[in-house]
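Q: One file: structure-v3.pdb (PDB, C-alpha atoms).
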ATOM      1  CA  MET V   1     107.558 114.140  77.048
ATOM      2  CA  SER V   2     104.628 116.560  77.389
ATOM      3  CA  VAL V   3     101.314 115.940  79.132
ATOM      4  CA  PRO V   4      99.366 113.740  76.664
ATOM      5  CA  LYS V   5      96.677 115.464  74.592
ATOM      6  CA  GLN V   6      94.039 113.020  75.855
ATOM      7  CA  VAL V   7      94.699 114.148  79.465
ATOM      8  CA  ILE V   8      94.289 117.822  78.464
ATOM      9  CA  ALA V   9      91.121 116.958  76.512
ATOM     10  CA  HIS V  10      89.812 114.962  79.498
ATOM     11  CA  LEU V  11      90.322 117.926  81.854
ATOM     12  CA  ASN V  12      88.786 120.414  79.428
ATOM     13  CA  LYS V  13      85.783 118.127  78.927
ATOM     14  CA  ASN V  14      85.290 118.002  82.712
ATOM     15  CA  LYS V  15      85.792 121.803  82.971
ATOM     16  CA  VAL V  16      88.730 121.436  85.353
ATOM     17  CA  LYS V  17      90.972 124.499  85.623
ATOM     18  CA  PHE V  18      94.673 123.699  85.476
ATOM     19  CA  GLU V  19      98.050 125.151  84.589
ATOM     20  CA  VAL V  20     100.793 123.204  82.799
ATOM     21  CA  VAL V  21     104.088 123.521  84.698
ATOM     22  CA  PRO V  22     107.199 122.627  82.651
ATOM     23  CA  HIS V  23     110.295 121.351  84.477
ATOM     24  CA  LYS V  24     113.430 119.296  83.921
ATOM     25  CA  THR V  25     113.016 115.515  83.606
ATOM     26  CA  VAL V  26     112.087 114.027  86.989
ATOM     27  CA  TYR V  27     111.123 110.493  87.946
ATOM     28  CA  THR V  28     109.809 110.965  91.479
ATOM     29  CA  ALA V  29     107.511 113.373  93.300
ATOM     30  CA  TYR V  30     110.389 114.154  95.683
ATOM     31  CA  ASP V  31     112.606 115.177  92.752
ATOM     32  CA  LEU V  32     109.758 117.314  91.410
ATOM     33  CA  ALA V  33     109.554 119.150  94.744
ATOM     34  CA  GLN V  34     113.318 119.749  94.731
ATOM     35  CA  THR V  35     113.295 120.926  91.102
ATOM     36  CA  LEU V  36     110.453 123.415  91.504
ATOM     37  CA  GLY V  37     111.161 124.436  95.105
ATOM     38  CA  GLU V  38     107.690 123.262  96.140
ATOM     39  CA  GLU V  39     106.584 121.985  99.521
ATOM     40  CA  LEU V  40     106.243 118.187  99.549
ATOM     41  CA  GLY V  41     102.698 118.491 100.953
ATOM     42  CA  ASN V  42     101.544 120.252  97.760
ATOM     43  CA  ILE V  43     102.648 117.484  95.405
ATOM     44  CA  ALA V  44     100.487 114.441  94.768
ATOM     45  CA  LYS V  45     102.454 111.206  94.515
ATOM     46  CA  THR V  46     100.459 108.464  92.792
ATOM     47  CA  LEU V  47     100.899 104.702  92.936
ATOM     48  CA  LEU V  48      98.854 101.956  91.309
ATOM     49  CA  VAL V  49      97.550  99.414  93.811
ATOM     50  CA  LYS V  50      96.050  96.048  92.950
ATOM     51  CA  VAL V  51      93.252  95.042  95.301
ATOM     52  CA  GLU V  52      91.828  91.569  95.707
ATOM     53  CA  LEU V  53      88.200  91.765  96.741
ATOM     54  CA  PRO V  54      86.381  89.047  98.711
ATOM     55  CA  LYS V  55      84.834  86.306  96.549
ATOM     56  CA  VAL V  56      81.344  87.276  97.727
ATOM     57  CA  SER V  57      81.684  90.668  96.023
ATOM     58  CA  LYS V  58      81.314  91.181  92.263
ATOM     59  CA  GLY V  59      85.009  91.792  91.910
ATOM     60  CA  GLY V  60      88.058  89.588  91.746
ATOM     61  CA  LYS V  61      90.982  91.929  91.353
ATOM     62  CA  ARG V  62      90.548  95.666  90.958
ATOM     63  CA  TYR V  63      92.988  98.550  90.563
ATOM     64  CA  TYR V  64      93.126 101.854  92.399
ATOM     65  CA  VAL V  65      95.476 104.771  91.956
ATOM     66  CA  VAL V  66      96.315 106.010  95.434
ATOM     67  CA  ALA V  67      97.368 109.667  95.731
ATOM     68  CA  VAL V  68      99.304 110.819  98.788
ATOM     69  CA  PRO V  69     101.506 113.876  99.458
ATOM     70  CA  ALA V  70     105.111 113.477  98.263
ATOM     71  CA  SER V  71     106.251 113.371 101.907
ATOM     72  CA  TYR V  72     104.025 110.327 102.594
ATOM     73  CA  ARG V  73     104.112 106.660 101.707
ATOM     74  CA  VAL V  74     101.077 104.599 100.758
ATOM     75  CA  ASP V  75      99.900 102.451 103.683
ATOM     76  CA  LEU V  76      98.755  99.261 101.933
ATOM     77  CA  LYS V  77      97.169  97.902 105.129
ATOM     78  CA  ALA V  78      95.088 101.085 105.433
ATOM     79  CA  VAL V  79      94.009 100.729 101.765
ATOM     80  CA  GLN V  80      93.088  97.098 102.360
ATOM     81  CA  LYS V  81      91.095  97.955 105.492
ATOM     82  CA  TYR V  82      89.329 100.932 103.885
ATOM     83  CA  LEU V  83      88.235  98.913 100.838
ATOM     84  CA  LYS V  84      87.415  95.836 102.967
ATOM     85  CA  SER V  85      89.573  93.798 100.643
ATOM     86  CA  VAL V  86      91.443  90.548 101.115
ATOM     87  CA  LYS V  87      94.752  91.895  99.835
ATOM     88  CA  ALA V  88      96.308  95.144  98.562
ATOM     89  CA  VAL V  89      99.703  95.195  96.811
ATOM     90  CA  LEU V  90     101.582  97.620  94.574
ATOM     91  CA  ALA V  91     100.993  96.850  90.899
ATOM     92  CA  ASP V  92     103.974  96.517  88.585
ATOM     93  CA  GLU V  93     104.709  98.400  85.360
ATOM     94  CA  LYS V  94     103.407  95.542  83.182
ATOM     95  CA  GLU V  95     100.015  95.936  84.851
ATOM     96  CA  MET V  96     100.095  99.702  84.253
ATOM     97  CA  VAL V  97     100.722  99.119  80.547
ATOM     98  CA  LYS V  98      97.981  96.474  80.429
ATOM     99  CA  LEU V  99      95.531  99.080  81.759
ATOM    100  CA  GLY V 100      96.654 101.578  79.084
ATOM    101  CA  MET V 101      98.793 103.744  81.377
ATOM    102  CA  LYS V 102     102.360 104.812  80.650
ATOM    103  CA  ALA V 103     104.900 102.845  82.663
ATOM    104  CA  GLY V 104     106.832 104.972  85.149
ATOM    105  CA  ALA V 105     104.620 108.049  84.746
ATOM    106  CA  GLY V 106     101.487 107.617  86.820
ATOM    107  CA  THR V 107      98.334 109.680  86.684
ATOM    108  CA  PRO V 108      95.372 110.287  88.990
ATOM    109  CA  PHE V 109      93.017 110.814  86.026
ATOM    110  CA  VAL V 110      91.564 107.336  86.345
ATOM    111  CA  SER V 111      88.220 107.942  84.663
ATOM    112  CA  MET V 112      90.150 107.700  81.386
ATOM    113  CA  TYR V 113      90.722 103.995  82.087
ATOM    114  CA  LYS V 114      88.437 101.018  82.565
ATOM    115  CA  ASP V 115      87.938  99.622  86.068
ATOM    116  CA  VAL V 116      90.422 101.894  87.845
ATOM    117  CA  GLY V 117      89.414 103.905  90.920
ATOM    118  CA  LEU V 118      91.118 106.784  92.742
ATOM    119  CA  ILE V 119      91.717 107.147  96.463
ATOM    120  CA  VAL V 120      93.064 110.504  97.676
ATOM    121  CA  ASP V 121      94.672 110.712 101.104
ATOM    122  CA  LYS V 122      92.857 113.136 103.426
ATOM    123  CA  SER V 123      96.012 115.170 104.011
ATOM    124  CA  LEU V 124      96.108 116.156 100.310
ATOM    125  CA  GLU V 125      92.818 118.034 100.697
ATOM    126  CA  LYS V 126      94.824 120.757 102.477
ATOM    127  CA  ALA V 127      96.714 121.498  99.251
ATOM    128  CA  THR V 128      94.511 124.080  97.560
ATOM    129  CA  LYS V 129      96.752 124.360  94.491
ATOM    130  CA  GLY V 130      98.540 121.055  94.230
ATOM    131  CA  LEU V 131     100.951 119.707  91.647
ATOM    132  CA  VAL V 132      99.824 116.533  89.915
ATOM    133  CA  ARG V 133     101.836 114.260  87.625
ATOM    134  CA  ALA V 134     100.045 113.427  84.379
ATOM    135  CA  GLU V 135     101.900 110.760  82.395
ATOM    136  CA  SER V 136     104.790 113.130  81.719
ATOM    137  CA  LEU V 137     108.312 113.347  83.080
ATOM    138  CA  THR V 138     108.826 116.975  81.962
ATOM    139  CA  GLU V 139     105.467 118.637  82.733
ATOM    140  CA  SER V 140     103.097 118.565  85.682
ATOM    141  CA  LEU V 141      99.691 120.122  86.271
ATOM    142  CA  ARG V 142      98.872 122.687  88.957
ATOM    143  CA  MET V 143      95.240 122.401  90.007
ATOM    144  CA  LYS V 144      92.893 122.410  92.981
ATOM    145  CA  ILE V 145      92.905 119.011  94.648
ATOM    146  CA  LYS V 146      89.155 119.351  95.335
ATOM    147  CA  ASP V 147      88.648 119.649  91.538
ATOM    148  CA  LEU V 148      90.642 116.451  91.047
ATOM    149  CA  ILE V 149      88.523 114.655  93.657
ATOM    150  CA  LYS V 150      85.299 115.876  92.074
ATOM    151  CA  SER V 151      86.222 115.199  88.417
ATOM    152  CA  GLU V 152      87.505 111.674  89.145
ATOM    153  CA  ASP V 153      84.766 110.783  91.654
ATOM    154  CA  ALA V 154      87.558 109.914  94.074
ATOM    155  CA  LEU V 155      87.294 108.275  97.462
ATOM    156  CA  VAL V 156      88.930 110.271 100.263
ATOM    157  CA  ALA V 157      90.471 108.361 103.169
ATOM    158  CA  LYS V 158      93.519 108.180 105.407
ATOM    159  CA  VAL V 159      95.652 105.833 103.323
ATOM    160  CA  GLY V 160      99.097 107.351 103.769
ATOM    161  CA  SER V 161     101.628 107.821 106.515
ATOM    162  CA  LYS V 162     104.522 110.257 106.893
ATOM    163  CA  ALA V 163     107.729 108.911 105.429
ATOM    164  CA  LYS V 164     111.240 109.665 106.593
ATOM    165  CA  MET V 165     112.515 112.000 103.910
ATOM    166  CA  PRO V 166     116.197 112.490 103.135
ATOM    167  CA  LYS V 167     117.582 115.675 104.577
ATOM    168  CA  ALA V 168     118.546 118.326 102.083
ATOM    169  CA  PRO V 169     122.314 118.700 101.872
ATOM    170  CA  LYS V 170     123.679 121.612 103.871
ATOM    171  CA  ALA V 171     124.873 124.507 101.787
ATOM    172  CA  LYS V 172     128.641 124.844 101.871
ATOM    173  CA  LYS V 173     129.895 127.950 103.610
ATOM    174  CA  PRO V 174     132.144 130.126 101.474
ATOM    175  CA  PRO V 175     135.771 129.950 102.553
ATOM    176  CA  LYS V 176     136.787 132.632 104.997
ATOM    177  CA  LYS V 177     138.993 135.348 103.638
ATOM    178  CA  SER V 178     142.443 134.775 104.938
ATOM    179  CA  LYS V 179     143.804 137.633 106.950
ATOM    180  CA  ARG V 180     147.386 138.007 106.082
ATOM    181  CA  LYS V 181     149.540 138.465 109.139
ATOM    182  CA  PHE V 182     152.771 140.360 109.057
ATOM    183  CA  ALA V 183     155.684 139.549 111.286
ATOM    184  CA  THR V 184     156.527 143.186 111.922
ATOM    185  CA  LYS V 185     155.006 146.599 111.544
ATOM    186  CA  ALA V 186     157.690 147.429 108.989
ATOM    187  CA  ALA V 187     156.675 144.455 106.801
ATOM    188  CA  PHE V 188     153.046 145.668 106.884
ATOM    189  CA  LYS V 189     154.059 149.195 105.829
ATOM    190  CA  LYS V 190     156.224 147.773 103.037
ATOM    191  CA  SER V 191     153.205 145.745 101.763
ATOM    192  CA  LEU V 192     150.989 148.876 101.746
ATOM    193  CA  ALA V 193     153.602 150.834  99.852
ATOM    194  CA  LYS V 194     153.715 148.132  97.125
ATOM    195  CA  LYS V 195     149.913 148.262  96.740
ATOM    196  CA  ARG V 196     149.954 152.030  96.261
ATOM    197  CA  LYS V 197     152.438 151.848  93.357
TER     198      LYS V 197
END
What does this structure look like when you write it as structure tokens?

A:
Amino acid sequence: MSVPKQVIAHLNKNKVKFEVVPHKTVYTAYDLAQTLGEELGNIAKTLLVKVELPKVSKGGKRYYVVAVPASYRVDLKAVQKYLKSVKAVLADEKEMVKLGMKAGAGTPFVSMYKDVGLIVDKSLEKATKGLVRAESLTESLRMKIKDLIKSEDALVAKVGSKAKMPKAPKAKKPPKKSKRKFATKAAFKKSLAKKRK
């Protein structure tokens, strides 16, 4: 599943420079980092959050895609506090589909959808050339995070916290070469003589 043509067209229209990075099928930002050998801090993990705004505001419910580094988790309380909302919860796949997004393959390119905002965690600003998922399980986009923020008119706030990541499995050491021991000096000489024949 390639990056959709409408995402490419959207980026070209907004004059955003990017590079398409093909990879094996991955479902998580962590797997993407492992597959490409990238640092977790350079990969944007995106989650759709449903926010309930106070009744005094124009809103009701509103959706935000929250982008954090792959080594972080979204802090829903921080999102709620930042947006001064009543409630913030993760949206489900049915809600993604209802908004026109592909289930299971999030995107930070929210200006393509109606009534969806983008919040980028402050720590992602450090990633000059970040990897961004774009509704594809086999291709990602390498781009400047500041370009993403600018093109999507994103809010920037501290909305993530470091997650405990699984440790990479230790590489197995190759077996040691066995040193053959000989009972006597004569047995050793006999072994050498056989090798020479």

Q: Let me know the residues the PyMOL selection byres ((chain V and resi 142) around 9) catches in the file above, as a list in words.

A: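 That selection, the PyMOL selection byres ((chain V and resi 142) around 9), comes back as Lys17, Phe18, Glu19, Val20, Val21, Lys129, Gly130, Leu131, Val132, Ser140, Leu141, Met143 and Lys144 of chain V.
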
Q: For the file shown, what are the residues hit by the PyMOL selection byres ((chain V and resi 64) around 8), laid out as a PyMOL selection string?

A: chain V and resi 48-51+62-63+65-66+116-119

Q: Translate the PyMOL selection byres ((chain V and resi 106) around 9) into a concrete residue list for this structure, as a PyMOL selection string.

A: chain V and resi 45-48+65+96+101-105+107-108+133-136

Q: Here is a test: counting all atoms listed in the file, which residue of V:Val159, V:Lys15, V:Lys150, V:Leu137 is nearest to Leu32 of chain V?

A: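 With all atoms listed in the file as the atom set, the closest residue is V:Leu137.
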
Q: Find the residue from V:Thr25, V:Asn14, V:Ser71, V:Ser161 that sits nearest to Asn42 of chain V; use all atoms listed in the file when measuring.

A: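 Closest candidate: V:Ser71.
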
Q: Hey, which of V:Ser123, V:Thr138, V:Ser111, V:Ser85 ends up closest to Leu11 of chain V? Count only C-alpha atoms.

A: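 Smallest separation from Leu11 of chain V among the options: V:Ser111.
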
Q: Counting all atoms listed in the file, which residues sit no farther than 8 Å from the position (89.1, 113.4, 83.9) in the file's frame? I'd like them as a ChimeraX atom specification.

A: /V:7,10-11,13-14,109-112,148,151-152

Q: For atom CA of Ala154 of chain V and atom CA of Pro4 of chain V, determine how far apart the two atoms are, in Å to one decimal place.

A: 21.4 Å

Q: Padding 6 Å on every side, please: axis-aligned box over the listed atoms of segment 45-49 of chain V, centre and edge lengths to one decimal in Å, as lines of an AutoDock Vina configuration file.

A:
center_x = 100.0
center_y = 105.3
center_z = 92.9
size_x = 16.9
size_y = 23.8
size_z = 15.2

Q: Between V:Ala70, V:Ala9, V:Lys194, V:Val3, which residue has the minimum interatomic distance to Lys164 of chain V, considering only C-alpha atoms?

A: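 Going through V:Ala70, V:Ala9, V:Lys194, V:Val3 one by one, the smallest distance to Lys164 of chain V is for V:Ala70.
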
Q: Within 8 Å of Leu124 of chain V, counting only C-alpha atoms, which residues show up once you throw out same-chain ones fewer than 3 positions away? Write them as a list in words, please.

A: Gly41, Asn42, Ala44, Val68, Pro69, Val120, Asp121, Ala127 and Ile145 of chain V

Q: What's the separation between atom CA of Pro54 of chain V and atom CA of Val86 of chain V, in Å to one decimal place?

A: 5.8 Å

Q: Using all atoms listed in the file, find the one residue out of V:Leu83, V:Ile43, V:Val97, V:Ala193 that sits nearest to Lys158 of chain V.

A: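 That would be V:Leu83, the residue with the smallest distance to Lys158 of chain V.
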
Q: Nearest to Glu125 of chain V among V:Ala186, V:Leu40, V:Ala157, V:Val74, with distances taken over only C-alpha atoms: which residue is it?

A: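 Of V:Ala186, V:Leu40, V:Ala157, V:Val74, the one nearest Glu125 of chain V, counting only C-alpha atoms, is V:Ala157.
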
Q: What is the atom CA of Tyr27 of chain V to atom CA of Tyr82 of chain V distance in Å?

A: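 Between atom CA of Tyr27 of chain V and atom CA of Tyr82 of chain V the gap is 28.6 Å.
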